[in-house]
Amino acid sequence: MRSMPGSGERAYAYAKACGIIGKSFIGKRTRNLEKMIALSELDRLVFPDASRDLPEKELLLNLEDRITERAVNSIISIVDGFLKPPQFLTLLVRSYEYAELSNAIFSSLENEKNAPPYTDLGRFQTVRFNAWPDIKAMIEKTEFDFLLADDGSLKEELKDKEYGAVSLQTVLDRHYYSALWESLFALPRKDRHAAERILSEEISLKNCGWALRLRAYYEMPSDEVKSHLVDIAVRRKGTLADDALRCLEFPLDSPGAWSTWRWKQFLNRESEGRQWQADPRFFQNSASRYLYHLARHYFRQHPFSLDAIFCFIMLKQFEEDILTSGAEGLSMGMSGRDIISLLGVES
């Protein structure tokens with residue numbers, strides 16, 4: 001087993017993480033977002049010493065980029081503090097690389113003129129994004145070169161016009177979560193108690209949200225949906241795709257059919273006078289809040305375990321989602337109070 005960080009590194013990382021969380025817009029500080037009525041106000045709130053004087057359309061994209069950069073820098077500042085970070089933490093940092101690689105490949109296939117933005121991960125970066133749009137040059141001799149055919153081009157099945165982007169996302173999700181799950185069990189048991197529970201539920205919920213989206217937005221047949229799930233076996237508990245598989249035959253317009261489903265509490269409620277339809281976006285927001293509360297609950301339970309760092313990363317990514325959603329809502333004329341209410345965020 002790879003040597004684990006010592007007590008000094010752990011104590012320093014946890015203390016620094018607590019300081020960052022104390023200044024983050026989660027918990028009670030979420031209330032500060034309710035007062036916002038303009039995008040420029042959010043910019044000044046989040047970046048009091050570095051706000052930008054830009055037209056609103058430009059400000060939105062610029063602000064979203066800086067919000068992501070802020071989250072990533074906070075996460076890296078903690079993980080980079082370990083002399084030899086465990087692979088589990090390294091992969092959590094590189095979740096950004098996986099997401100941005102999918103976007104970069106799709107943009108290349110669509111022959112877009114401008115390179116999509118990417119986040120600088122420093123020593124954790126493996127993809128050569130500056131080689132875009134040359135996919136081979138971006139990923140050759142990295143862990144992602146399995147996406148390439150023998151001639152160096154992207155494999156044909158990932159170029160399918162109907163489901164190409166979905167197929168690519170599926171392949172990358174499976175690769176990421178399988179590697180993350182394997183690296184989790186390379187940690188000592190005391191370091192993975194909370195992470196094992198939260199990650200298993202995250203993958204289950206991601207599968208369920210993915211199944212809902214593919215059925216509702218793509219009208220994909222259930223048999224086809226099955227091929228796009230992240231199917232990871234769990235000791236004595238089946239697989240992390242089981243909850244998604246169980247819901248594939250439930251009608252999307254019949255709430256009663258979902259009454260015995262494990263995650264039914266995250267579905268949208270019925271409204272009087274309106275035909276009910278399962279709403280993938282509502283489910284995703286509800287699942288995200290649930291995982292956020294789990295991370296908050298476990299963050300301070302085992303201060304010097306790597307569990308605490310895992311929870312810290314989840315909390316920073318949740319804050320990133322709230323702030324970018326807030327920016328988008330304000331740009332559309334919504335008030336901060338309405339945005340927080342819509343997202344269902346509680347302090």
# chains A, B, ... in the order shown; residues from 1 in each chain; ligands from 1
>>> residues_around(residues="region 238-240 of chain A", least_positions_apart="6", cutoff="7 Å", atoms="only C-alpha atoms", output="PyMOL selection string")
chain A and resi 200+203-204+231-232
>>> write_last_selection(atoms="N, CA and C atoms", output="PDB file, in the first residue's frame")
ATOM      1  N   SER A 200     -20.665   6.162  -2.929  1.00  0.00           N
ATOM      2  CA  SER A 200     -21.584   5.141  -3.445  1.00  0.00           C
ATOM      3  C   SER A 200     -22.951   5.746  -3.745  1.00  0.00           C
ATOM      4  N   ILE A 203     -22.720   8.006  -6.964  1.00  0.00           N
ATOM      5  CA  ILE A 203     -22.735   7.254  -8.217  1.00  0.00           C
ATOM      6  C   ILE A 203     -24.129   6.716  -8.503  1.00  0.00           C
ATOM      7  N   SER A 204     -24.802   6.203  -7.464  1.00  0.00           N
ATOM      8  CA  SER A 204     -26.171   5.716  -7.641  1.00  0.00           C
ATOM      9  C   SER A 204     -27.082   6.836  -8.131  1.00  0.00           C
ATOM     10  N   ASP A 231     -21.685   1.003 -13.993  1.00  0.00           N
ATOM     11  CA  ASP A 231     -22.066  -0.244 -13.309  1.00  0.00           C
ATOM     12  C   ASP A 231     -20.892  -0.765 -12.479  1.00  0.00           C
ATOM     13  N   ILE A 232     -20.823  -0.330 -11.216  1.00  0.00           N
ATOM     14  CA  ILE A 232     -19.736  -0.728 -10.319  1.00  0.00           C
ATOM     15  C   ILE A 232     -20.285  -1.678  -9.255  1.00  0.00           C
TER      16      ILE A 232
END
>>> residues_around(residues="Trp210 (chain A)", least_positions_apart="4", cutoff="10 Å", atoms="only C-alpha atoms", output="list of chain:residue names")
A:Val166, A:Thr170, A:Ser204, A:Leu205, A:Lys206, A:Leu214, A:Arg215, A:Ala216, A:Val225, A:His228, A:Leu229, A:Val230, A:Ala244, A:Pro280, A:Gln284
>>> write_last_selection(atoms="C-alpha atoms", output="PDB file, in the first residue's frame")
ATOM      1  CA  VAL A 166     -23.706  10.827 -24.682  1.00  0.00           C
ATOM      2  CA  THR A 170     -20.565   7.561 -20.598  1.00  0.00           C
ATOM      3  CA  SER A 204     -26.171   5.716  -7.641  1.00  0.00           C
ATOM      4  CA  LEU A 205     -27.839   9.139  -7.867  1.00  0.00           C
ATOM      5  CA  LYS A 206     -25.791  10.107 -10.928  1.00  0.00           C
ATOM      6  CA  LEU A 214     -31.827  10.077 -21.388  1.00  0.00           C
ATOM      7  CA  ARG A 215     -35.451   8.989 -21.218  1.00  0.00           C
ATOM      8  CA  ALA A 216     -37.017  12.443 -20.846  1.00  0.00           C
ATOM      9  CA  VAL A 225     -30.151   3.515 -21.349  1.00  0.00           C
ATOM     10  CA  HIS A 228     -24.899   4.248 -20.492  1.00  0.00           C
ATOM     11  CA  LEU A 229     -24.843   3.547 -16.744  1.00  0.00           C
ATOM     12  CA  VAL A 230     -21.800   3.363 -14.468  1.00  0.00           C
ATOM     13  CA  ALA A 244     -31.326   3.281 -11.975  1.00  0.00           C
ATOM     14  CA  PRO A 280     -34.606  15.353 -14.379  1.00  0.00           C
ATOM     15  CA  GLN A 284     -30.530  16.476  -9.959  1.00  0.00           C
TER      16      GLN A 284
END
>>> atom_distance(atom1="CA of Ser254 (chain A)", atom2="CA of Ser271 (chain A)")
12.8 Å
>>> residues_around(residues="Gly152 (chain A)", least_positions_apart="3", cutoff="10 Å", atoms="only C-alpha atoms", output="JSON, numbers by chain")
{"A": [135, 136, 137, 139, 140, 145, 147, 148, 149, 155]}
>>> residues_around(residues="His302 (chain A)", least_positions_apart="6", cutoff="12 Å", atoms="only C-alpha atoms", output="ChimeraX atom specification")
/A:10-11,14,190-195,295-296,308-311
>>> closest_residue(among="A:Phe304, A:Phe312, A:Phe82, A:Tyr298", to="Ser7 (chain A)", atoms="only C-alpha atoms")
A:Phe304
>>> closest_residue(among="A:Leu158, A:Gly326, A:Asp80, A:Met138", to="Gly122 (chain A)", atoms="only C-alpha atoms")
A:Asp80
>>> residues_around(residues="Thr119 (chain A)", least_positions_apart="5", cutoff="8 Å", atoms="only C-alpha atoms", output="ChimeraX atom specification")
/A:68-69,72,96-97,100
>>> residues_around(residues="region 58-67 of chain A", least_positions_apart="6", cutoff="8 Å", atoms="only C-alpha atoms", output="VMD selection string")
chain A and resid 39 to 40 43 52 320 323 to 324 327 to 328 331
